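See structure below.
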Amino acid sequence: MSRQPFSSLSLNPALLQAIDVLGFKQMTPIQAATLPPMLEGHDVIGQGPTGSGKTAAYGLGLLSRIDPALSRTQAMVLCPTRELADQVAREIRALARFMPNIKLSILSGGIAKRPQLASLEHDPHIVVGMAGRVLEHLDDGMLKLADLKVLVLDEADRMLGADFEAESRAIVEHAPKARQTLFFSATFPDAVRGLSRQLQKKPKEIVVAGDSGAQVTQTFFEVAPERRIDALAHLLSRHRPESALVFCFTRNDARDVEAQLKKRGFEVLGLHGDIEQRERDEVLVRFANGSARVLVATDVAARGLDIKDLAAVISYELPEDPDQHVHRVGRTGRAGKSGIALHLYTPREHERVRDIEDHLQIRADIEKLPATLLPDRPMPANVVTLCVDGGRRDKLRPGDLLGALTNEVGVVKEAVGKITSFDTRTYFAIEKKLAERVLKRLREAKIKGRKFRVRPID
DNA sequence: AAAAAAC
């Protein structure tokens, strides 16, 4: 199939400019297949491999239908985790960068409602969020959907699965009948296709052949339950991936594995539902920055998260649902990059391997662990993440803060790796050997007459 | 079992 440039579509020049700045060249197959029907106003079911640009596809689709001059909520995206909602919001903001004054609000739980209420006072053009908090705002009458044109269910099979179905449906009830409804995911069980008939109108069904993880080498290892943690340490010590996301079945397991690995000298972060949201956000920033190379998580991290250049996915335990396995593995090998996936299973979980084989029509590569496992070889990180607190939003926006800091403190500029900004905070990744010096300079720096709080978050 | 509103 020949790849086409975005310019072959009748996209708004502001969007084409953003696409150019973001460095997107041609459309990916899922983008090329879903954008034309979306631009014509059709409902769409878009199934495409993990890491193939589905967010940009529906992001461009919904932004194309927004009238910036109309201060009403015209598009809404629902996601299954808070971290994913944040990421989707960042991506849409980046695409909307050259559109005039597009307002986007993130409506997720785990944080105070008050700032969200303020953001809803003048209706945002776009809302990205989680079903629960969105429903609260709808019930309170603070979020109004009378002018909604586009509703997106990201990870649609999850949003319409048993856990979220009722909430998703309740939200759809609040939306106008005349709307465009878009479903996107890498996986669509038949049951969800059935639900589409109730929520969508004559959807165009697009399936881009699922070579999810084509660039990922997968290997399965059988292990006795009592050797599981040793096997994990062995795999880490043996492969020493630049970064590794380790999946556990339960929060308890995730907490245990995190603690055990720490005890053995590994630098590890944890991400799961028992951790406070603020901490979860920081953990993800630190991991993405490379200030720890191992992240132990539950399936909260299984879907959608785009962690740049993630080298390895490791299943400490396999999920029961083979689709969930597809999503986990899809955290690596994104956008044509390569990756490895290593999976541990006990004899009694062998059936899960079979299910994966049947479901994905693959032959699992099963390898034996050596009788003698390798000694622990921890993987120290060579960067540190600094958090710069920019104070109140109305005083200084993240962009200004960043510009001010890099100008003022020259050393930062050369030392900075990745940068992530949230509402009032900016995170810098800095090489460890430079960190102390930079930290000192930043602490002394006054920008626009104000002092900033700077702290390492490691 | 996980996630998720919130308490």
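In the structure tokens, each chain is lettered A, B, ... as it comes, each chain's residues begin at 1, and ligands are numbered from 1 in order of appearance.
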
field: Counting only C-alpha atoms (C1' of nucleotides), chain A residues within 9 Å of chain B, as a VMD selection string
entry: chain A and resid 80 to 81 109 to 110 130 to 133 135 to 136 163 to 164 249 to 251 272 to 273 298 to 300

Saved selection, atoms kept: N, CA, C and O atoms, as a PDB file, in the first residue's frame:
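Once written, out_19.pdb looks like this:
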```
ATOM      1  N   PRO A  80      -9.945   5.019  29.508  1.00  0.00           N
ATOM      2  CA  PRO A  80     -10.091   4.133  30.663  1.00  0.00           C
ATOM      3  C   PRO A  80      -9.110   4.370  31.820  1.00  0.00           C
ATOM      4  O   PRO A  80      -9.280   3.766  32.868  1.00  0.00           O
ATOM      5  N   THR A  81      -8.086   5.185  31.652  1.00  0.00           N
ATOM      6  CA  THR A  81      -7.236   5.524  32.805  1.00  0.00           C
ATOM      7  C   THR A  81      -6.912   7.015  32.781  1.00  0.00           C
ATOM      8  O   THR A  81      -6.963   7.659  31.740  1.00  0.00           O
ATOM      9  N   GLY A 109     -10.819  11.816  37.681  1.00  0.00           N
ATOM     10  CA  GLY A 109     -10.879  11.790  39.131  1.00  0.00           C
ATOM     11  C   GLY A 109      -9.488  11.843  39.738  1.00  0.00           C
ATOM     12  O   GLY A 109      -8.494  12.029  39.042  1.00  0.00           O
ATOM     13  N   GLY A 110      -9.434  11.684  41.064  1.00  0.00           N
ATOM     14  CA  GLY A 110      -8.138  11.640  41.735  1.00  0.00           C
ATOM     15  C   GLY A 110      -7.533  12.993  41.999  1.00  0.00           C
ATOM     16  O   GLY A 110      -6.501  13.101  42.647  1.00  0.00           O
ATOM     17  N   MET A 130     -12.344  10.828  32.063  1.00  0.00           N
ATOM     18  CA  MET A 130     -12.765   9.504  32.484  1.00  0.00           C
ATOM     19  C   MET A 130     -14.263   9.559  32.746  1.00  0.00           C
ATOM     20  O   MET A 130     -14.790  10.566  33.192  1.00  0.00           O
ATOM     21  N   ALA A 131     -14.905   8.426  32.518  1.00  0.00           N
ATOM     22  CA  ALA A 131     -16.362   8.387  32.577  1.00  0.00           C
ATOM     23  C   ALA A 131     -16.922   8.882  33.917  1.00  0.00           C
ATOM     24  O   ALA A 131     -17.875   9.663  33.943  1.00  0.00           O
ATOM     25  N   GLY A 132     -16.336   8.429  35.025  1.00  0.00           N
ATOM     26  CA  GLY A 132     -16.891   8.741  36.339  1.00  0.00           C
ATOM     27  C   GLY A 132     -16.981  10.239  36.603  1.00  0.00           C
ATOM     28  O   GLY A 132     -18.032  10.774  36.953  1.00  0.00           O
ATOM     29  N   ARG A 133     -15.855  10.935  36.437  1.00  0.00           N
ATOM     30  CA  ARG A 133     -15.834  12.356  36.728  1.00  0.00           C
ATOM     31  C   ARG A 133     -16.657  13.150  35.713  1.00  0.00           C
ATOM     32  O   ARG A 133     -17.325  14.132  36.062  1.00  0.00           O
ATOM     33  N   LEU A 135     -19.353  12.136  34.275  1.00  0.00           N
ATOM     34  CA  LEU A 135     -20.755  11.973  34.678  1.00  0.00           C
ATOM     35  C   LEU A 135     -21.115  12.906  35.830  1.00  0.00           C
ATOM     36  O   LEU A 135     -22.201  13.481  35.854  1.00  0.00           O
ATOM     37  N   GLU A 136     -20.208  13.049  36.772  1.00  0.00           N
ATOM     38  CA  GLU A 136     -20.474  13.954  37.893  1.00  0.00           C
ATOM     39  C   GLU A 136     -20.719  15.364  37.397  1.00  0.00           C
ATOM     40  O   GLU A 136     -21.657  16.030  37.825  1.00  0.00           O
ATOM     41  N   ASP A 163     -16.985  -3.275  32.978  1.00  0.00           N
ATOM     42  CA  ASP A 163     -16.697  -2.303  34.034  1.00  0.00           C
ATOM     43  C   ASP A 163     -17.135  -0.888  33.725  1.00  0.00           C
ATOM     44  O   ASP A 163     -17.513  -0.137  34.616  1.00  0.00           O
ATOM     45  N   PHE A 164     -17.048  -0.510  32.477  1.00  0.00           N
ATOM     46  CA  PHE A 164     -17.337   0.880  32.127  1.00  0.00           C
ATOM     47  C   PHE A 164     -18.627   1.049  31.323  1.00  0.00           C
ATOM     48  O   PHE A 164     -19.038   2.169  31.046  1.00  0.00           O
ATOM     49  N   PHE A 249      -0.419  -8.947  38.132  1.00  0.00           N
ATOM     50  CA  PHE A 249      -1.851  -9.197  38.052  1.00  0.00           C
ATOM     51  C   PHE A 249      -2.627  -8.332  39.052  1.00  0.00           C
ATOM     52  O   PHE A 249      -3.703  -7.845  38.761  1.00  0.00           O
ATOM     53  N   THR A 250      -2.076  -8.180  40.241  1.00  0.00           N
ATOM     54  CA  THR A 250      -2.777  -7.420  41.281  1.00  0.00           C
ATOM     55  C   THR A 250      -1.901  -6.289  41.820  1.00  0.00           C
ATOM     56  O   THR A 250      -0.682  -6.295  41.657  1.00  0.00           O
ATOM     57  N   ARG A 251      -2.552  -5.362  42.499  1.00  0.00           N
ATOM     58  CA  ARG A 251      -1.812  -4.261  43.128  1.00  0.00           C
ATOM     59  C   ARG A 251      -0.862  -4.804  44.185  1.00  0.00           C
ATOM     60  O   ARG A 251       0.257  -4.301  44.333  1.00  0.00           O
ATOM     61  N   HIS A 272       0.233   1.822  40.241  1.00  0.00           N
ATOM     62  CA  HIS A 272      -1.023   1.079  40.350  1.00  0.00           C
ATOM     63  C   HIS A 272      -2.036   1.889  41.156  1.00  0.00           C
ATOM     64  O   HIS A 272      -1.717   2.979  41.659  1.00  0.00           O
ATOM     65  N   GLY A 273      -3.229   1.356  41.259  1.00  0.00           N
ATOM     66  CA  GLY A 273      -4.338   2.103  41.824  1.00  0.00           C
ATOM     67  C   GLY A 273      -4.265   2.429  43.301  1.00  0.00           C
ATOM     68  O   GLY A 273      -5.053   3.235  43.791  1.00  0.00           O
ATOM     69  N   THR A 298       0.422  -2.501  37.438  1.00  0.00           N
ATOM     70  CA  THR A 298      -0.723  -3.357  37.129  1.00  0.00           C
ATOM     71  C   THR A 298      -1.165  -3.013  35.703  1.00  0.00           C
ATOM     72  O   THR A 298      -0.528  -2.196  35.029  1.00  0.00           O
ATOM     73  N   ASP A 299      -2.285  -3.565  35.304  1.00  0.00           N
ATOM     74  CA  ASP A 299      -2.788  -3.280  33.966  1.00  0.00           C
ATOM     75  C   ASP A 299      -3.279  -1.841  33.811  1.00  0.00           C
ATOM     76  O   ASP A 299      -3.763  -1.478  32.741  1.00  0.00           O
ATOM     77  N   VAL A 300      -3.134  -1.038  34.840  1.00  0.00           N
ATOM     78  CA  VAL A 300      -3.425   0.390  34.657  1.00  0.00           C
ATOM     79  C   VAL A 300      -2.538   0.952  33.542  1.00  0.00           C
ATOM     80  O   VAL A 300      -2.911   1.890  32.846  1.00  0.00           O
TER      81      VAL A 300
END
```

- request: Write out as an NGL selection string all residues of segment 22-77 of chain A that backbone DSSP assigns to alpha helix (DSSP H).
  value: :A and (29-39 or 54-64)

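For the pair atom CA of Pro49 of chain A and atom CA of Asp323 of chain A, the interatomic distance is 11.8 Å.
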
task: Run DSSP on the backbone and give me the residues of segment 99-326 of chain A it puts in strand (DSSP E), as an NGL selection string.
output: :A and (104-107 or 126-130 or 150-154 or 180-185 or 204-207 or 216-222 or 244-247 or 268-271 or 294-297 or 312-315)

- prompt: Excluding same-chain residues fewer than 6 positions from Pro319 of chain A, what lies within 12 Å of it counting only C-alpha atoms (C1' of nucleotides), as a VMD selection string?
  reply: (chain A and resid 247 to 250 298 to 299 302 325 to 329 343 to 345 349 to 353 355 to 356) or (chain B and resid 1 to 2)
